[in-house]
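Structure file target03.csv (CSV, N, CA and C atoms) follows.
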chain,number,residue,atom,x,y,z
G,24,MET,N,23.8,10.4,24.0
G,24,MET,CA,22.5,10.1,23.5
G,24,MET,C,21.8,9.0,24.3
G,25,GLY,N,20.6,9.2,24.7
G,25,GLY,CA,19.9,8.2,25.5
G,25,GLY,C,19.5,7.0,24.7
G,26,LYS,N,19.1,6.0,25.5
G,26,LYS,CA,18.8,4.7,24.9
G,26,LYS,C,17.6,4.8,24.0
G,27,ARG,N,16.6,5.6,24.4
G,27,ARG,CA,15.4,5.8,23.6
G,27,ARG,C,15.7,6.4,22.3
G,28,ALA,N,16.5,7.5,22.3
G,28,ALA,CA,16.9,8.2,21.1
G,28,ALA,C,17.7,7.3,20.1
G,29,LYS,N,18.5,6.4,20.7
G,29,LYS,CA,19.3,5.5,19.8
G,29,LYS,C,18.3,4.5,19.2
G,30,GLN,N,17.3,4.0,19.9
G,30,GLN,CA,16.3,3.1,19.4
G,30,GLN,C,15.6,3.7,18.2
G,31,TRP,N,15.1,5.0,18.4
G,31,TRP,CA,14.4,5.7,17.3
G,31,TRP,C,15.3,5.9,16.1
G,32,ARG,N,16.6,6.3,16.3
G,32,ARG,CA,17.5,6.5,15.2
G,32,ARG,C,17.7,5.2,14.5
G,33,THR,N,17.8,4.1,15.2
G,33,THR,CA,18.0,2.8,14.5
G,33,THR,C,16.8,2.4,13.7
G,34,LEU,N,15.6,2.7,14.3
G,34,LEU,CA,14.3,2.4,13.6
G,34,LEU,C,14.2,3.2,12.4
G,35,ALA,N,14.6,4.4,12.4
G,35,ALA,CA,14.5,5.3,11.2
G,35,ALA,C,15.5,4.8,10.2
G,36,ALA,N,16.7,4.4,10.6
G,36,ALA,CA,17.7,3.9,9.6
G,36,ALA,C,17.2,2.6,8.9
G,37,VAL,N,16.6,1.7,9.7
G,37,VAL,CA,16.1,0.5,9.2
G,37,VAL,C,14.9,0.7,8.3
G,38,SER,N,14.1,1.7,8.6
G,38,SER,CA,12.9,2.0,7.8
G,38,SER,C,13.4,2.5,6.4
G,39,CYS,N,14.5,3.3,6.4
G,39,CYS,CA,15.0,3.8,5.2
G,39,CYS,C,15.6,2.7,4.3
G,40,ALA,N,16.2,1.8,5.0
G,40,ALA,CA,16.8,0.6,4.2
G,40,ALA,C,15.6,-0.1,3.5
G,41,ALA,N,14.5,-0.3,4.2
G,41,ALA,CA,13.4,-1.1,3.7
G,41,ALA,C,12.8,-0.3,2.5
G,42,ALA,N,12.9,1.0,2.5
G,42,ALA,CA,12.2,1.8,1.5
G,42,ALA,C,13.0,1.8,0.2
G,43,SER,N,14.1,1.2,0.2
G,43,SER,CA,15.0,1.2,-1.0
G,43,SER,C,14.5,0.2,-2.1
G,44,ALA,N,13.3,0.1,-2.2
G,44,ALA,CA,12.7,-1.0,-3.1
G,44,ALA,C,13.0,-0.7,-4.5
G,45,CYS,N,13.5,-1.8,-5.2
G,45,CYS,CA,13.7,-1.7,-6.7
G,45,CYS,C,12.3,-2.0,-7.3
G,46,HIS,N,11.6,-2.9,-6.7
G,46,HIS,CA,10.4,-3.4,-7.3
G,46,HIS,C,9.2,-2.9,-6.4
G,47,VAL,N,8.4,-2.0,-7.0
G,47,VAL,CA,7.2,-1.5,-6.3
G,47,VAL,C,6.0,-2.0,-6.9
G,48,GLN,N,5.1,-2.7,-6.2
G,48,GLN,CA,3.9,-3.3,-6.7
G,48,GLN,C,2.7,-2.6,-6.1
G,49,THR,N,1.8,-2.1,-6.9
G,49,THR,CA,0.6,-1.5,-6.4
G,49,THR,C,-0.6,-2.4,-6.7
G,50,ILE,N,-1.4,-2.6,-5.6
G,50,ILE,CA,-2.6,-3.5,-5.8
G,50,ILE,C,-3.8,-2.7,-5.3
G,51,VAL,N,-4.8,-2.7,-6.1
G,51,VAL,CA,-6.0,-1.9,-5.7
G,51,VAL,C,-7.1,-2.9,-5.3
G,52,GLY,N,-7.7,-2.6,-4.1
G,52,GLY,CA,-8.8,-3.3,-3.6
G,52,GLY,C,-10.1,-2.8,-4.2
G,53,ALA,N,-11.2,-3.4,-3.9
G,53,ALA,CA,-12.5,-3.0,-4.3
G,53,ALA,C,-12.9,-1.6,-3.9
G,54,ALA,N,-13.5,-0.8,-4.7
G,54,ALA,CA,-13.8,0.6,-4.4
G,54,ALA,C,-15.3,0.7,-4.1
G,55,HIS,N,-15.6,1.3,-3.0
G,55,HIS,CA,-17.0,1.7,-2.7
G,55,HIS,C,-17.3,3.1,-3.2
G,56,ALA,N,-18.4,3.3,-3.7
G,56,ALA,CA,-18.7,4.7,-4.2
G,56,ALA,C,-18.8,5.7,-3.1
G,57,SER,N,-19.2,5.2,-1.9
G,57,SER,CA,-19.4,6.1,-0.8
G,57,SER,C,-18.1,6.3,0.1
G,58,SER,N,-17.1,5.6,-0.2
G,58,SER,CA,-15.9,5.7,0.7
G,58,SER,C,-14.7,6.0,-0.2
G,59,PRO,N,-13.9,7.0,0.2
G,59,PRO,CA,-12.7,7.3,-0.6
G,59,PRO,C,-11.6,6.2,-0.5
G,60,MET,N,-10.8,6.1,-1.5
G,60,MET,CA,-9.7,5.1,-1.5
G,60,MET,C,-8.7,5.5,-0.5
G,61,LYS,N,-8.3,4.5,0.3
G,61,LYS,CA,-7.2,4.7,1.3
G,61,LYS,C,-6.0,4.1,0.8
G,62,ARG,N,-4.8,4.6,1.2
G,62,ARG,CA,-3.5,4.1,0.7
G,62,ARG,C,-2.8,3.4,1.8
G,63,ILE,N,-2.2,2.2,1.5
G,63,ILE,CA,-1.4,1.5,2.4
G,63,ILE,C,0.0,1.4,1.7
G,64,LEU,N,1.0,1.7,2.5
G,64,LEU,CA,2.4,1.5,2.0
G,64,LEU,C,3.0,0.4,2.9
G,65,VAL,N,3.6,-0.6,2.2
G,65,VAL,CA,4.3,-1.7,2.9
G,65,VAL,C,5.8,-1.5,2.6
G,66,LEU,N,6.6,-1.3,3.6
G,66,LEU,CA,8.1,-1.3,3.4
G,66,LEU,C,8.7,-2.4,4.2
G,67,GLY,N,9.4,-3.3,3.6
G,67,GLY,CA,9.9,-4.4,4.3
G,67,GLY,C,11.1,-5.1,3.5
G,68,ASP,N,11.4,-6.3,4.0
G,68,ASP,CA,12.5,-7.0,3.4
G,68,ASP,C,11.9,-8.2,2.5
G,69,SER,N,12.6,-9.2,2.4
G,69,SER,CA,12.2,-10.3,1.6
G,69,SER,C,10.9,-11.0,2.0
G,70,LEU,N,10.5,-10.9,3.2
G,70,LEU,CA,9.2,-11.5,3.7
G,70,LEU,C,8.1,-10.7,3.1
G,71,SER,N,8.1,-9.4,3.0
G,71,SER,CA,7.1,-8.6,2.4
G,71,SER,C,7.1,-8.7,0.9
G,72,GLU,N,8.3,-8.8,0.4
G,72,GLU,CA,8.5,-8.8,-1.1
G,72,GLU,C,8.0,-10.2,-1.6
G,73,GLY,N,8.0,-11.2,-0.8
G,73,GLY,CA,7.5,-12.5,-1.2
G,73,GLY,C,8.6,-13.3,-1.9
G,74,PHE,N,9.9,-13.1,-1.4
G,74,PHE,CA,11.0,-13.8,-2.1
G,74,PHE,C,10.8,-15.3,-2.2
G,75,GLY,N,10.9,-15.8,-3.4
G,75,GLY,CA,10.7,-17.2,-3.7
G,75,GLY,C,9.2,-17.6,-3.9
G,76,LEU,N,8.3,-16.6,-3.8
G,76,LEU,CA,6.9,-16.8,-4.0
G,76,LEU,C,6.4,-16.1,-5.3
G,77,ARG,N,5.3,-16.5,-5.8
G,77,ARG,CA,4.6,-15.7,-6.8
G,77,ARG,C,4.1,-14.4,-6.1
G,78,PRO,N,4.0,-13.3,-6.8
G,78,PRO,CA,3.6,-12.1,-6.2
G,78,PRO,C,2.3,-12.2,-5.5
G,79,ASP,N,1.3,-13.0,-6.0
G,79,ASP,CA,0.0,-13.1,-5.3
G,79,ASP,C,0.1,-14.0,-4.1
G,80,GLN,N,1.2,-14.5,-3.7
G,80,GLN,CA,1.4,-15.3,-2.5
G,80,GLN,C,2.0,-14.5,-1.4
G,81,ALA,N,2.6,-13.4,-1.7
G,81,ALA,CA,3.2,-12.6,-0.6
G,81,ALA,C,2.1,-12.0,0.3
G,82,TYR,N,2.5,-11.7,1.5
G,82,TYR,CA,1.4,-11.3,2.5
G,82,TYR,C,0.7,-10.0,2.1
G,83,PRO,N,1.4,-9.0,1.4
G,83,PRO,CA,0.7,-7.8,1.0
G,83,PRO,C,-0.5,-8.1,0.0
G,84,SER,N,-0.2,-9.1,-0.9
G,84,SER,CA,-1.3,-9.5,-1.8
G,84,SER,C,-2.4,-10.2,-1.1
G,85,LEU,N,-2.1,-11.0,-0.1
G,85,LEU,CA,-3.1,-11.7,0.7
G,85,LEU,C,-3.9,-10.7,1.5
G,86,LEU,N,-3.2,-9.6,2.0
G,86,LEU,CA,-3.9,-8.6,2.8
G,86,LEU,C,-4.9,-7.8,1.9
G,87,ILE,N,-4.5,-7.4,0.7
G,87,ILE,CA,-5.5,-6.7,-0.1
G,87,ILE,C,-6.6,-7.6,-0.6
G,88,ASP,N,-6.4,-8.9,-0.7
G,88,ASP,CA,-7.5,-9.9,-1.0
G,88,ASP,C,-8.5,-9.9,0.1
G,89,LYS,N,-8.0,-9.9,1.4
G,89,LYS,CA,-8.9,-9.9,2.6
G,89,LYS,C,-9.7,-8.6,2.6
G,90,LEU,N,-9.0,-7.5,2.4
G,90,LEU,CA,-9.7,-6.2,2.4
G,90,LEU,C,-10.8,-6.1,1.3
G,91,ARG,N,-10.4,-6.6,0.1
G,91,ARG,CA,-11.3,-6.7,-1.0
G,91,ARG,C,-12.6,-7.5,-0.7
G,92,SER,N,-12.3,-8.7,-0.1
G,92,SER,CA,-13.4,-9.6,0.2
G,92,SER,C,-14.3,-9.0,1.3
G,93,ALA,N,-13.8,-8.1,2.1
G,93,ALA,CA,-14.6,-7.4,3.2
G,93,ALA,C,-15.3,-6.2,2.6
G,94,GLY,N,-15.1,-5.9,1.3
G,94,GLY,CA,-15.7,-4.8,0.6
G,94,GLY,C,-15.1,-3.4,1.0
G,95,LEU,N,-13.8,-3.4,1.5
G,95,LEU,CA,-13.2,-2.2,1.8
G,95,LEU,C,-12.3,-1.6,0.7
G,96,SER,N,-12.2,-0.3,0.6
G,96,SER,CA,-11.6,0.4,-0.5
G,96,SER,C,-10.1,0.8,-0.1
G,97,PHE,N,-9.1,0.0,-0.6
G,97,PHE,CA,-7.7,0.3,-0.3
G,97,PHE,C,-6.9,0.1,-1.6
G,98,GLU,N,-5.8,0.9,-1.6
G,98,GLU,CA,-4.8,0.8,-2.6
G,98,GLU,C,-3.5,0.4,-1.8
G,99,LEU,N,-2.8,-0.7,-2.2
G,99,LEU,CA,-1.7,-1.1,-1.5
G,99,LEU,C,-0.5,-1.0,-2.4
G,100,THR,N,0.6,-0.3,-1.9
G,100,THR,CA,1.9,-0.3,-2.6
G,100,THR,C,2.9,-1.1,-1.8
G,101,ASN,N,3.4,-2.1,-2.4
G,101,ASN,CA,4.4,-2.9,-1.8
G,101,ASN,C,5.8,-2.5,-2.3
G,102,ALA,N,6.4,-1.7,-1.4
G,102,ALA,CA,7.7,-1.1,-1.8
G,102,ALA,C,8.8,-1.9,-1.0
G,103,SER,N,8.7,-3.2,-0.9
G,103,SER,CA,9.6,-4.0,-0.2
G,103,SER,C,10.7,-4.5,-1.2
G,104,GLN,N,11.9,-4.9,-0.6
G,104,GLN,CA,13.0,-5.3,-1.4
G,104,GLN,C,13.9,-6.2,-0.5
G,105,SER,N,14.3,-7.3,-1.1
G,105,SER,CA,15.3,-8.2,-0.5
G,105,SER,C,16.7,-7.4,-0.6
G,106,GLY,N,17.3,-7.3,0.5
G,106,GLY,CA,18.6,-6.6,0.5
G,106,GLY,C,18.4,-5.1,0.5
G,107,GLY,N,19.3,-4.4,-0.1
G,107,GLY,CA,19.2,-2.9,-0.1
G,107,GLY,C,20.0,-2.3,1.0
G,108,THR,N,20.3,-1.1,1.0
G,108,THR,CA,21.1,-0.5,2.0
G,108,THR,C,20.4,0.7,2.7
G,109,THR,N,20.8,1.1,3.8
G,109,THR,CA,20.2,2.2,4.5
G,109,THR,C,20.3,3.5,3.7
G,110,GLU,N,21.5,3.7,3.1
G,110,GLU,CA,21.7,4.9,2.3
G,110,GLU,C,20.8,5.0,1.2
G,111,GLU,N,20.6,3.9,0.4
G,111,GLU,CA,19.7,3.9,-0.7
G,111,GLU,C,18.3,4.1,-0.2
G,112,GLY,N,17.9,3.5,0.9
G,112,GLY,CA,16.5,3.8,1.4
G,112,GLY,C,16.3,5.2,1.8
G,113,LEU,N,17.3,5.8,2.4
G,113,LEU,CA,17.1,7.2,2.8
G,113,LEU,C,16.9,8.1,1.6
G,114,GLN,N,17.6,7.8,0.5
G,114,GLN,CA,17.5,8.6,-0.7
G,114,GLN,C,16.1,8.4,-1.4
G,115,ARG,N,15.6,7.2,-1.3
G,115,ARG,CA,14.3,6.9,-2.0
G,115,ARG,C,13.1,7.0,-1.2
G,116,LEU,N,13.2,7.1,0.1
G,116,LEU,CA,12.0,7.2,1.0
G,116,LEU,C,11.0,8.3,0.6
G,117,PRO,N,11.5,9.5,0.4
G,117,PRO,CA,10.5,10.6,0.0
G,117,PRO,C,9.6,10.2,-1.1
G,118,ARG,N,10.1,9.5,-2.1
G,118,ARG,CA,9.3,9.2,-3.3
G,118,ARG,C,8.1,8.2,-2.9
G,119,HIS,N,8.4,7.4,-1.9
G,119,HIS,CA,7.4,6.4,-1.5
G,119,HIS,C,6.3,7.1,-0.6
G,120,LEU,N,6.6,8.2,-0.1
G,120,LEU,CA,5.6,8.9,0.8
G,120,LEU,C,4.8,9.9,0.0
G,121,LYS,N,4.9,10.0,-1.3
G,121,LYS,CA,4.1,10.8,-2.1
G,121,LYS,C,3.3,9.9,-3.1
G,122,PRO,N,2.1,10.0,-3.2
G,122,PRO,CA,1.1,10.8,-2.4
G,122,PRO,C,1.0,10.3,-1.0
G,123,MET,N,0.2,11.0,-0.2
G,123,MET,CA,0.1,10.7,1.2
G,123,MET,C,-0.4,9.3,1.5
G,124,VAL,N,0.1,8.7,2.5
G,124,VAL,CA,-0.2,7.3,2.9
G,124,VAL,C,-1.1,7.4,4.1
G,125,ASP,N,-2.1,6.5,4.1
G,125,ASP,CA,-3.0,6.5,5.3
G,125,ASP,C,-2.6,5.4,6.3
G,126,ILE,N,-2.0,4.3,5.8
G,126,ILE,CA,-1.5,3.3,6.7
G,126,ILE,C,-0.1,2.9,6.2
G,127,PHE,N,0.8,2.8,7.2
G,127,PHE,CA,2.2,2.5,6.9
G,127,PHE,C,2.5,1.2,7.6
G,128,ILE,N,3.0,0.2,6.9
G,128,ILE,CA,3.4,-1.1,7.5
G,128,ILE,C,4.9,-1.3,7.3
G,129,LEU,N,5.6,-1.4,8.4
G,129,LEU,CA,7.0,-1.6,8.3
G,129,LEU,C,7.3,-3.0,8.8
G,130,GLU,N,7.9,-3.8,7.9
G,130,GLU,CA,8.2,-5.2,8.3
G,130,GLU,C,9.7,-5.5,8.0
G,131,LEU,N,10.4,-5.7,9.1
G,131,LEU,CA,11.8,-6.1,9.0
G,131,LEU,C,12.1,-7.2,9.9
G,132,ALA,N,12.9,-8.2,9.5
G,132,ALA,CA,13.2,-9.3,10.3
G,132,ALA,C,14.5,-9.1,11.1
Same coordinates, now as structure tokens:
Amino acid sequence: MGKRAKQWRTLAAVSCAAASACHVQTIVGAAHASSPMKRILVLGDSLSEGFGLRPDQAYPSLLIDKLRSAGLSFELTNASQSGGTTEEGLQRLPRHLKPMVDIFILELA
């Protein structure tokens, strides 16, 4: 297997691990009557989850606040978890992809 294929396989495995979120938080930004709601999915580790912070201090909450203040219409689902395994993430990933996601943010340290 080539180096590029191994990198993609590793990225997919890490993405699955991040998707094994026990705690999923959905935040809705301001809705414009003329624009449909767009969906953002954040999959990550403790940095995205906001480990040690209040939920409103984690960067996904700060992101939706910025979008809201700009008058943009987004719904953000923070499916991040501290810890978790690749196997758990692989089993849970399909659930996080329904309904369809417009923007996918993967954050892993």
Query raised in the report: region 74-88 of chain G: which residues within 7 Å, counting only C-alpha atoms, same-chain residues fewer than 3 positions away excluded, as a ChimeraX atom specification?
Result: /G:52,69-71,91-92,99,101
**Report entry** Which of G:Leu116, G:Val65, G:Val124, G:Met60 sits closest to Thr100 (chain G) [using only N, CA and C atoms]
**Finding:** G:Val65
Please list as an mmCIF file with N, CA and C atoms, in the coordinates of the input every residue within 10 Å of Pro59 (chain G), counting only C-alpha atoms and excluding residues in the same chain fewer than 6 positions away.
data_model
loop_
_atom_site.group_PDB
_atom_site.id
_atom_site.type_symbol
_atom_site.label_atom_id
_atom_site.label_comp_id
_atom_site.auth_asym_id
_atom_site.auth_seq_id
_atom_site.Cartn_x
_atom_site.Cartn_y
_atom_site.Cartn_z
ATOM 1 N N LEU G 95 -13.800 -3.400 1.500
ATOM 2 C CA LEU G 95 -13.200 -2.200 1.800
ATOM 3 C C LEU G 95 -12.300 -1.600 0.700
ATOM 4 N N SER G 96 -12.200 -0.300 0.600
ATOM 5 C CA SER G 96 -11.600 0.400 -0.500
ATOM 6 C C SER G 96 -10.100 0.800 -0.100
ATOM 7 N N PHE G 97 -9.100 0.000 -0.600
ATOM 8 C CA PHE G 97 -7.700 0.300 -0.300
ATOM 9 C C PHE G 97 -6.900 0.100 -1.600
#
Report task. Counting all atoms listed in the file, figure out which residue out of G:Gly94, G:Pro117, G:Gly73, G:Gly67 gets nearest to Leu131 (chain G). Result ->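 Checking each candidate against Leu131 (chain G), we get G:Gly67 as the closest.
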8 Å per side around region 57-73 of chain G: axis-aligned box centre and edge lengths, as AutoDock Vina command-line options:
--center_x -3.4 --center_y -3.0 --center_z 1.2 --size_x 48.0 --size_y 36.6 --size_z 22.2
Query raised in the report: How many Å lie between atom N of Ala102 (chain G) and CA of Pro122 (chain G), rounded to one decimal?
Result: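 These atoms are spaced 13.6 Å apart.
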Requested in this report: Provide the CA of Glu72 (chain G) to CA of Arg115 (chain G) distance in Å, to one decimal place.
Outcome: 16.8 Å
Query raised in the report: In terms of the shortest atom-to-atom distance over all atoms listed in the file, which of G:Leu129, G:Leu120, G:Leu66, G:Lys61 is closest to Ser103 (chain G)?
Result: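 With all atoms listed in the file as the atom set, the closest residue is G:Leu66.
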Report task. Enter the distance from atom C of Ile63 (chain G) to atom C of Glu130 (chain G), in Å, rounded to one decimal. Result ->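 We find that atom C of Ile63 (chain G) and atom C of Glu130 (chain G) lie 13.5 Å from each other.
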Query raised in the report: Smallest atom-to-atom distance to Gln104 (chain G): which of G:His119, G:Leu90, G:Asp68, G:Arg62, using only N, CA and C atoms?
Result: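 Among the listed residues, G:Asp68 lies closest to Gln104 (chain G).
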